[in-house]
Every structure is written in structure tokens, then in C-alpha cells.
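Enquirer: Next comes protein-v7.cif, mmCIF, C-alpha atoms:
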data_target
#
loop_
_atom_site.label_atom_id
_atom_site.label_comp_id
_atom_site.auth_asym_id
_atom_site.auth_seq_id
_atom_site.Cartn_x
_atom_site.Cartn_y
_atom_site.Cartn_z
CA MET A 1 75.94 135.25 143.10
CA PRO A 2 78.55 135.12 140.31
CA GLY A 3 80.79 132.06 140.25
CA PRO A 4 84.59 132.05 140.55
CA ASP A 5 86.73 133.53 137.81
CA PRO A 6 88.02 130.99 135.26
CA LEU A 7 91.52 129.62 135.78
CA LEU A 8 91.88 129.36 132.02
CA SER A 9 90.21 131.48 129.37
CA ALA A 10 90.62 131.36 125.59
CA LYS A 11 88.96 134.06 123.51
CA SER A 12 88.53 133.59 119.75
CA VAL A 13 91.81 131.70 119.44
CA SER A 14 93.02 130.58 116.02
CA ARG A 15 96.25 128.97 114.87
CA ARG A 16 97.26 128.81 111.24
CA PHE A 17 100.03 126.70 109.70
CA GLY A 18 100.70 128.10 106.25
CA TYR A 19 97.29 128.66 104.69
CA SER A 20 95.46 126.07 106.81
CA TYR A 21 93.85 126.62 110.20
CA ALA A 22 94.51 123.86 112.73
CA ILE A 23 92.44 125.76 115.32
CA ALA A 24 89.77 128.27 114.30
CA ASP A 25 87.99 130.76 116.56
CA VAL A 26 88.00 128.65 119.73
CA SER A 27 86.65 130.19 122.94
CA LEU A 28 86.42 128.42 126.28
CA ASP A 29 86.53 129.04 130.02
CA VAL A 30 87.66 126.45 132.56
CA HIS A 31 86.87 127.16 136.20
CA PRO A 32 88.19 125.70 139.46
CA SER A 33 86.95 122.14 140.10
CA GLU A 34 86.25 121.57 136.39
CA ILE A 35 87.74 118.76 134.32
CA LEU A 36 87.10 119.39 130.65
CA LEU A 37 87.50 116.50 128.23
CA LEU A 38 88.39 117.44 124.65
CA ILE A 39 87.33 114.81 122.15
CA GLY A 40 87.67 114.66 118.39
CA HIS A 41 88.85 112.55 115.49
CA ASN A 42 92.56 112.32 114.67
CA GLY A 43 93.52 115.64 113.12
CA ALA A 44 90.67 117.53 114.80
CA GLY A 45 93.18 119.82 116.54
CA LYS A 46 93.29 118.44 120.10
CA THR A 47 97.08 118.44 120.44
CA THR A 48 97.42 121.87 118.82
CA LEU A 49 94.80 123.32 121.16
CA ILE A 50 96.48 121.82 124.24
CA ARG A 51 99.82 123.27 123.15
CA LEU A 52 98.22 126.67 122.61
CA LEU A 53 96.58 126.60 126.03
CA ALA A 54 99.93 125.67 127.60
CA GLY A 55 101.78 128.50 125.86
CA LEU A 56 103.97 126.14 123.80
CA LEU A 57 102.44 127.61 120.64
CA HIS A 58 101.41 131.20 120.04
CA PRO A 59 97.97 131.84 118.52
CA THR A 60 97.69 133.44 115.13
CA ALA A 61 94.73 135.36 116.52
CA GLY A 62 92.91 135.61 119.82
CA GLU A 63 93.95 135.68 123.47
CA ILE A 64 94.64 133.07 126.16
CA LEU A 65 94.70 133.87 129.87
CA ARG A 66 96.25 131.24 132.13
CA PRO A 67 97.74 131.05 135.64
CA ASP A 68 101.49 131.47 136.16
CA SER A 69 101.91 127.79 137.01
CA VAL A 70 100.59 125.17 134.57
CA GLY A 71 101.28 121.43 134.59
CA MET A 72 101.59 119.81 131.17
CA VAL A 73 101.71 116.24 129.87
CA ALA A 74 102.40 115.99 126.13
CA HIS A 75 102.99 113.07 123.76
CA ASP A 76 106.74 113.41 124.38
CA SER A 77 107.56 112.60 128.02
CA MET A 78 110.45 115.13 128.04
CA LEU A 79 112.21 112.84 130.54
CA TYR A 80 115.92 111.98 130.42
CA GLU A 81 116.18 108.23 129.92
CA SER A 82 119.78 108.05 131.17
CA LEU A 83 118.69 109.43 134.57
CA SER A 84 116.67 107.70 137.26
CA ALA A 85 113.12 108.76 138.08
CA ARG A 86 114.34 110.54 141.21
CA GLU A 87 117.10 112.34 139.31
CA ASN A 88 114.60 113.47 136.68
CA MET A 89 112.27 114.80 139.35
CA ARG A 90 115.10 116.62 141.14
CA PHE A 91 116.28 118.16 137.86
CA PHE A 92 112.83 119.50 136.95
CA ALA A 93 112.30 120.66 140.54
CA ARG A 94 115.50 122.73 140.40
CA LEU A 95 114.41 124.24 137.07
CA GLN A 96 111.29 125.48 138.88
CA GLY A 97 113.18 126.78 141.90
CA MET A 98 112.12 123.91 144.17
CA HIS A 99 114.72 122.50 146.57
CA LYS A 100 112.77 120.34 149.01
CA THR A 101 112.67 116.61 148.31
CA ALA A 102 109.51 115.84 150.29
CA ARG A 103 107.30 116.78 147.33
CA ILE A 104 109.28 114.46 145.06
CA ASP A 105 108.98 111.52 147.44
CA GLU A 106 105.25 112.19 147.86
CA LEU A 107 104.58 112.18 144.14
CA LEU A 108 106.70 109.11 143.44
CA GLY A 109 104.69 107.32 146.11
CA ASP A 110 101.35 108.58 144.77
CA PHE A 111 102.14 107.14 141.35
CA GLY A 112 103.48 103.82 142.63
CA LEU A 113 107.07 104.55 141.64
CA ALA A 114 108.78 104.78 145.03
CA GLU A 115 110.28 101.28 144.75
CA HIS A 116 111.63 102.06 141.28
CA ALA A 117 112.76 105.63 141.90
CA ASP A 118 116.47 104.90 141.47
CA ARG A 119 116.14 102.90 138.26
CA ARG A 120 117.06 104.56 134.98
CA VAL A 121 114.01 105.67 133.03
CA ALA A 122 115.36 103.73 130.02
CA THR A 123 114.40 100.53 131.88
CA TYR A 124 110.81 101.65 132.52
CA SER A 125 107.74 100.30 130.78
CA ARG A 126 105.56 102.67 128.75
CA GLY A 127 103.07 102.83 131.61
CA MET A 128 105.76 103.68 134.18
CA VAL A 129 107.09 106.46 131.94
CA GLN A 130 103.59 107.87 131.64
CA ARG A 131 103.11 107.79 135.42
CA LEU A 132 106.44 109.55 135.94
CA THR A 133 105.49 112.17 133.35
CA LEU A 134 102.27 112.87 135.27
CA ALA A 135 104.20 113.08 138.54
CA ARG A 136 106.61 115.59 136.98
CA ALA A 137 103.71 117.73 135.75
CA LEU A 138 102.37 117.95 139.31
CA LEU A 139 105.71 118.98 140.85
CA PRO A 140 104.90 122.71 141.18
CA ASP A 141 101.41 121.90 142.56
CA PRO A 142 99.81 123.83 139.66
CA PRO A 143 96.23 125.12 139.74
CA LEU A 144 95.82 124.06 136.08
CA LEU A 145 96.81 120.79 134.45
CA LEU A 146 96.80 120.23 130.67
CA LEU A 147 96.94 116.60 129.56
CA ASP A 148 97.30 115.20 126.04
CA GLU A 149 96.30 111.49 126.00
CA PRO A 150 97.60 110.86 129.55
CA MET A 151 96.04 107.38 129.84
CA THR A 152 98.09 105.86 127.01
CA GLY A 153 99.95 102.75 128.13
CA LEU A 154 98.48 102.59 131.62
CA ASP A 155 97.27 99.31 133.11
CA ASP A 156 94.15 99.10 135.28
CA SER A 157 96.05 99.79 138.50
CA ALA A 158 97.74 102.89 137.06
CA LEU A 159 94.43 104.09 135.55
CA ASN A 160 92.85 103.92 138.98
CA ARG A 161 95.73 105.92 140.48
CA VAL A 162 95.34 108.61 137.84
CA ARG A 163 91.56 108.77 138.26
CA ASN A 164 91.99 109.15 142.01
CA ILE A 165 94.51 111.94 141.54
CA LEU A 166 92.21 113.73 139.07
CA SER A 167 89.37 113.44 141.59
CA ASP A 168 91.61 114.90 144.29
CA LEU A 169 92.60 117.79 142.01
CA ARG A 170 88.96 118.55 141.31
CA ALA A 171 88.09 118.43 145.00
CA ASP A 172 90.99 120.82 145.66
CA ASP A 173 89.58 123.44 143.25
CA ARG A 174 92.12 122.75 140.51
CA ALA A 175 91.20 122.69 136.83
CA VAL A 176 92.12 120.12 134.19
CA VAL A 177 91.84 120.07 130.39
CA LEU A 178 92.31 116.56 129.06
CA ALA A 179 92.45 115.50 125.40
CA THR A 180 91.64 111.81 125.11
CA HIS A 181 90.34 108.99 122.94
CA GLN A 182 89.81 106.84 126.04
CA LEU A 183 86.51 108.29 127.20
CA ALA A 184 85.44 105.36 129.34
CA ASP A 185 88.56 105.69 131.50
CA VAL A 186 87.87 109.26 132.66
CA LEU A 187 84.15 109.96 132.40
CA ASP A 188 83.59 109.19 136.07
CA VAL A 189 85.89 112.04 137.18
CA ALA A 190 85.26 114.64 134.48
CA SER A 191 82.70 117.45 134.60
CA ASP A 192 82.36 118.59 130.97
CA VAL A 193 83.10 117.52 127.43
CA GLY A 194 84.10 119.68 124.47
CA TYR A 195 83.54 118.51 120.88
CA LEU A 196 86.37 119.53 118.56
CA VAL A 197 85.61 119.15 114.84
CA LYS A 198 88.12 120.24 112.18
CA GLY A 199 89.74 122.74 114.51
CA ARG A 200 86.49 124.26 115.78
CA LEU A 201 85.09 123.74 119.26
CA LYS A 202 81.47 123.09 118.35
CA ALA A 203 80.06 122.78 121.87
CA ILE A 204 80.92 122.27 125.53
CA GLU A 205 78.37 120.30 127.55
CA PRO A 206 78.14 118.87 131.07
CA ILE A 207 78.67 115.13 131.16
CA ASP A 208 75.66 114.63 133.46
CA GLY A 209 76.17 110.90 133.93
CA ARG A 210 76.32 110.04 130.22
CA ASN A 211 78.43 107.05 129.21
CA ALA A 212 81.08 106.82 126.50
CA ARG A 213 78.62 105.54 123.90
CA ASP A 214 76.21 108.44 124.51
CA ILE A 215 78.98 111.01 124.15
CA THR A 216 80.40 109.34 121.05
CA LEU A 217 76.98 109.39 119.42
CA ARG A 218 76.59 113.05 120.38
CA TYR A 219 79.97 113.83 118.81
CA ARG A 220 78.92 112.12 115.57
CA GLU A 221 75.68 114.08 115.55
CA ILE A 222 77.58 117.35 115.92
CA ALA A 223 80.29 116.40 113.42
CA GLN A 224 77.91 115.36 110.65
CA HIS A 225 76.49 118.87 110.49
CA ASP A 226 79.89 120.43 109.93
#
Translate the structure of the given file into C-alpha cells.
Expert:
Amino acid sequence: MPGPDPLLSAKSVSRRFGYSYAIADVSLDVHPSEILLLIGHNGAGKTTLIRLLAGLLHPTAGEILRPDSVGMVAHDSMLYESLSARENMRFFARLQGMHKTARIDELLGDFGLAEHADRRVATYSRGMVQRLTLARALLPDPPLLLLDEPMTGLDDSALNRVRNILSDLRADDRAVVLATHQLADVLDVASDVGYLVKGRLKAIEPIDGRNARDITLRYREIAQHD
């Protein structure tokens, strides 16, 4: 029996800036219940690929098929610091045609922000901002979530919250693509790992219980042949 159709599909995608290719001939499929980790050295193209997959950049060549609703966490939180967390969530909800507040309250609670919901974001710690950014990305209940270094600035408690939410998304047949340097924090919830070397996706492999050291060594093995 064939499996489900991919929620995200990239076919021979390249992106050039001037004469240099940041992403070159990348193809991937991400199916429901898959969490794909993208790993690579600084400058390998992780952020550019995430932005391409999200539709924030257009490919120079190739094609990307994605669902209508995509949640995105980038390096920039895109939050308004002069507004409270609740006001930010309400603003982004209205932009997406959402008018019920129950979803906002649910997400603020899930990320441990309910008690701080009416504080201005300017008073938040880096970890609280990151949690709020993740909550905002989940507002439309998207089938696909694209995350660029989402664990940055999170303490152990917040990391556990995020891991639990990622596990719930996977169990609910959602798909996640996650670019990270913090392998050890997410290996227990991820399904696959992709090795990005100088803009090329060299391989995608199941994690199969491997630890961060094993995967790092595998990346070095792949990269040294480039």
C-alpha cells in the first residue's frame, strides 16, 4: 500500500544570490508525522532553505509544494515589543481571520505564558520571547511547521514544553522541518535527519535511535567527501 502524500515537497530547488548558490538542487519530501532535522555548519544554507520552504524566498529554479497553512519560526521573532503577549496573539489571529480567543488562551497556557500574558513583550526574557514566537506560529493550527533554531534561549523547562508539543504534533499527523545546532535537545522527538553541506542536501536518513555524537560523526563523514 502506498503511504500518504507528502505535506511538503521540494523538487530540484536552487537559490542563487548574485553568482553564488546558497541552495543547489535540493529535493525532499516531508510526510505527515515526520519531523525532519536539518543540520549543517554555519553558512551551509539552513536558514535559506527554511525561508524557501516557507515561501519567504522564491527559488531561482525548481518547485516547492506546500499546504495553504504553514507555521514559521525564524531568527526574528516578528513580535511587537510594545504590545503584550496577548495583544500580539490577537493581532496575528486577526491577520489570519481568527476571532475566537480560546485558541490564544490555550496556546499561552501550553507555553507557560498565561501568567505573563498581559506584560509587554519588551519585558520578556529571550526564552519567553522564543516561547511566544512558537505559540504564534501554532495559532492557525497548521499541518506544517518550519522552525529555524527554535530552541535558542530556552531553559530546561521550556525545552521540555517544546519537545512535548513537537511530540503531540507528530502524533497528530503534522509535519515539522527544524533547522538546529542543538541536536541533543530534539533527537528524542525527531524522525529523520538531513545533512546540508554547502547548500546541497547530501542525504536524508532515519534517526533510528542514534545519539547526537553519532549523527555529528556521520555529518563529518558526509561533509569531508564534498
Enquirer: List the residues matched by the PyMOL selection byres ((chain A and resi 94-105) around 10) in the displayed structure as a PyMOL selection string, ordered by chain and then by residue number.
Expert: chain A and resi 69+85-93+106-110+113-114+117+135-136+138-141
Enquirer: Mind writing the picked residues with C-alpha atoms as a PDB file, in the frame of the given file?
Expert:
ATOM      1  CA  SER A  69     101.910 127.790 137.010  1.00  0.00           C
ATOM      2  CA  ALA A  85     113.120 108.760 138.080  1.00  0.00           C
ATOM      3  CA  ARG A  86     114.340 110.540 141.210  1.00  0.00           C
ATOM      4  CA  GLU A  87     117.100 112.340 139.310  1.00  0.00           C
ATOM      5  CA  ASN A  88     114.600 113.470 136.680  1.00  0.00           C
ATOM      6  CA  MET A  89     112.270 114.800 139.350  1.00  0.00           C
ATOM      7  CA  ARG A  90     115.100 116.620 141.140  1.00  0.00           C
ATOM      8  CA  PHE A  91     116.280 118.160 137.860  1.00  0.00           C
ATOM      9  CA  PHE A  92     112.830 119.500 136.950  1.00  0.00           C
ATOM     10  CA  ALA A  93     112.300 120.660 140.540  1.00  0.00           C
ATOM     11  CA  GLU A 106     105.250 112.190 147.860  1.00  0.00           C
ATOM     12  CA  LEU A 107     104.580 112.180 144.140  1.00  0.00           C
ATOM     13  CA  LEU A 108     106.700 109.110 143.440  1.00  0.00           C
ATOM     14  CA  GLY A 109     104.690 107.320 146.110  1.00  0.00           C
ATOM     15  CA  ASP A 110     101.350 108.580 144.770  1.00  0.00           C
ATOM     16  CA  LEU A 113     107.070 104.550 141.640  1.00  0.00           C
ATOM     17  CA  ALA A 114     108.780 104.780 145.030  1.00  0.00           C
ATOM     18  CA  ALA A 117     112.760 105.630 141.900  1.00  0.00           C
ATOM     19  CA  ALA A 135     104.200 113.080 138.540  1.00  0.00           C
ATOM     20  CA  ARG A 136     106.610 115.590 136.980  1.00  0.00           C
ATOM     21  CA  LEU A 138     102.370 117.950 139.310  1.00  0.00           C
ATOM     22  CA  LEU A 139     105.710 118.980 140.850  1.00  0.00           C
ATOM     23  CA  PRO A 140     104.900 122.710 141.180  1.00  0.00           C
ATOM     24  CA  ASP A 141     101.410 121.900 142.560  1.00  0.00           C
TER      25      ASP A 141
END
Enquirer: Restricting the calculation to only C-alpha atoms: of A:Glu81, A:Asp192, A:Asp118, A:Asp76, which residue gets closest to Gln130 of chain A?
Expert: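 Going through A:Glu81, A:Asp192, A:Asp118, A:Asp76 one by one, the smallest distance to Gln130 of chain A is for A:Asp76.
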Enquirer: Could you give me, as a tab-separated table, a per-residue list for segment 127-186 of chain A showing, wherever an atom lies at most 9 Å from an atom of segment 208-213 of chain A, the closest pair of atoms and their distance in Å to one decimal, using all atoms listed in the file and sorting by chain then residue number from low to high?
Expert:
residue	atom	partner	partner_atom	distance
A:Gln182	CA	A:Ala212	CA	8.7
A:Leu183	CA	A:Ala212	CA	5.7
A:Ala184	CA	A:Ala212	CA	5.4
Enquirer: Find the residues with any atom within 9 Å of (81.5, 119.1, 126.2); use all atoms listed in the file and the coordinates as given in the file, and write the answer as a ChimeraX atom specification.
Expert: /A:36-39,191-195,202-207,215
Enquirer: Produce a file of the selected residues containing C-alpha atoms, as a CSV table (one decimal), keeping the file's coordinate frame.
Expert:
chain,number,residue,atom,x,y,z
A,36,LEU,CA,87.1,119.4,130.6
A,37,LEU,CA,87.5,116.5,128.2
A,38,LEU,CA,88.4,117.4,124.6
A,39,ILE,CA,87.3,114.8,122.2
A,191,SER,CA,82.7,117.4,134.6
A,192,ASP,CA,82.4,118.6,131.0
A,193,VAL,CA,83.1,117.5,127.4
A,194,GLY,CA,84.1,119.7,124.5
A,195,TYR,CA,83.5,118.5,120.9
A,202,LYS,CA,81.5,123.1,118.4
A,203,ALA,CA,80.1,122.8,121.9
A,204,ILE,CA,80.9,122.3,125.5
A,205,GLU,CA,78.4,120.3,127.6
A,206,PRO,CA,78.1,118.9,131.1
A,207,ILE,CA,78.7,115.1,131.2
A,215,ILE,CA,79.0,111.0,124.2
Enquirer: I'd like to see the residues matched by the PyMOL selection byres ((chain A and resi 61) around 8) on this file, and ideally I'd get them as an NGL selection string.
Expert: :A and (12-15 or 59-60 or 62-63)
Enquirer: Between atom CA of Gly127 of chain A and atom CA of Gly153 of chain A, what distance in Å does the model show, to one decimal?
Expert: 4.7 Å
Enquirer: Using only C-alpha atoms, find the one residue out of A:Met151, A:Val121, A:Ala137, A:Leu145 that sits nearest to Val177 of chain A.
Expert: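 That would be A:Leu145, the residue with the smallest distance to Val177 of chain A.
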Enquirer: If we draw a sphere of 7 Å around (88.0, 127.4, 125.0), which residues have at least one atom in it when counting only C-alpha atoms? Please report them as a PyMOL selection string.
Expert: chain A and resi 9-11+26-29
Enquirer: Measuring between only C-alpha atoms, which one of A:Leu7, A:Ala22, A:Ile165, A:Leu52 shows the shortest distance to Val186 of chain A?
Expert: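 Closest to Val186 of chain A, using only C-alpha atoms: A:Ile165.
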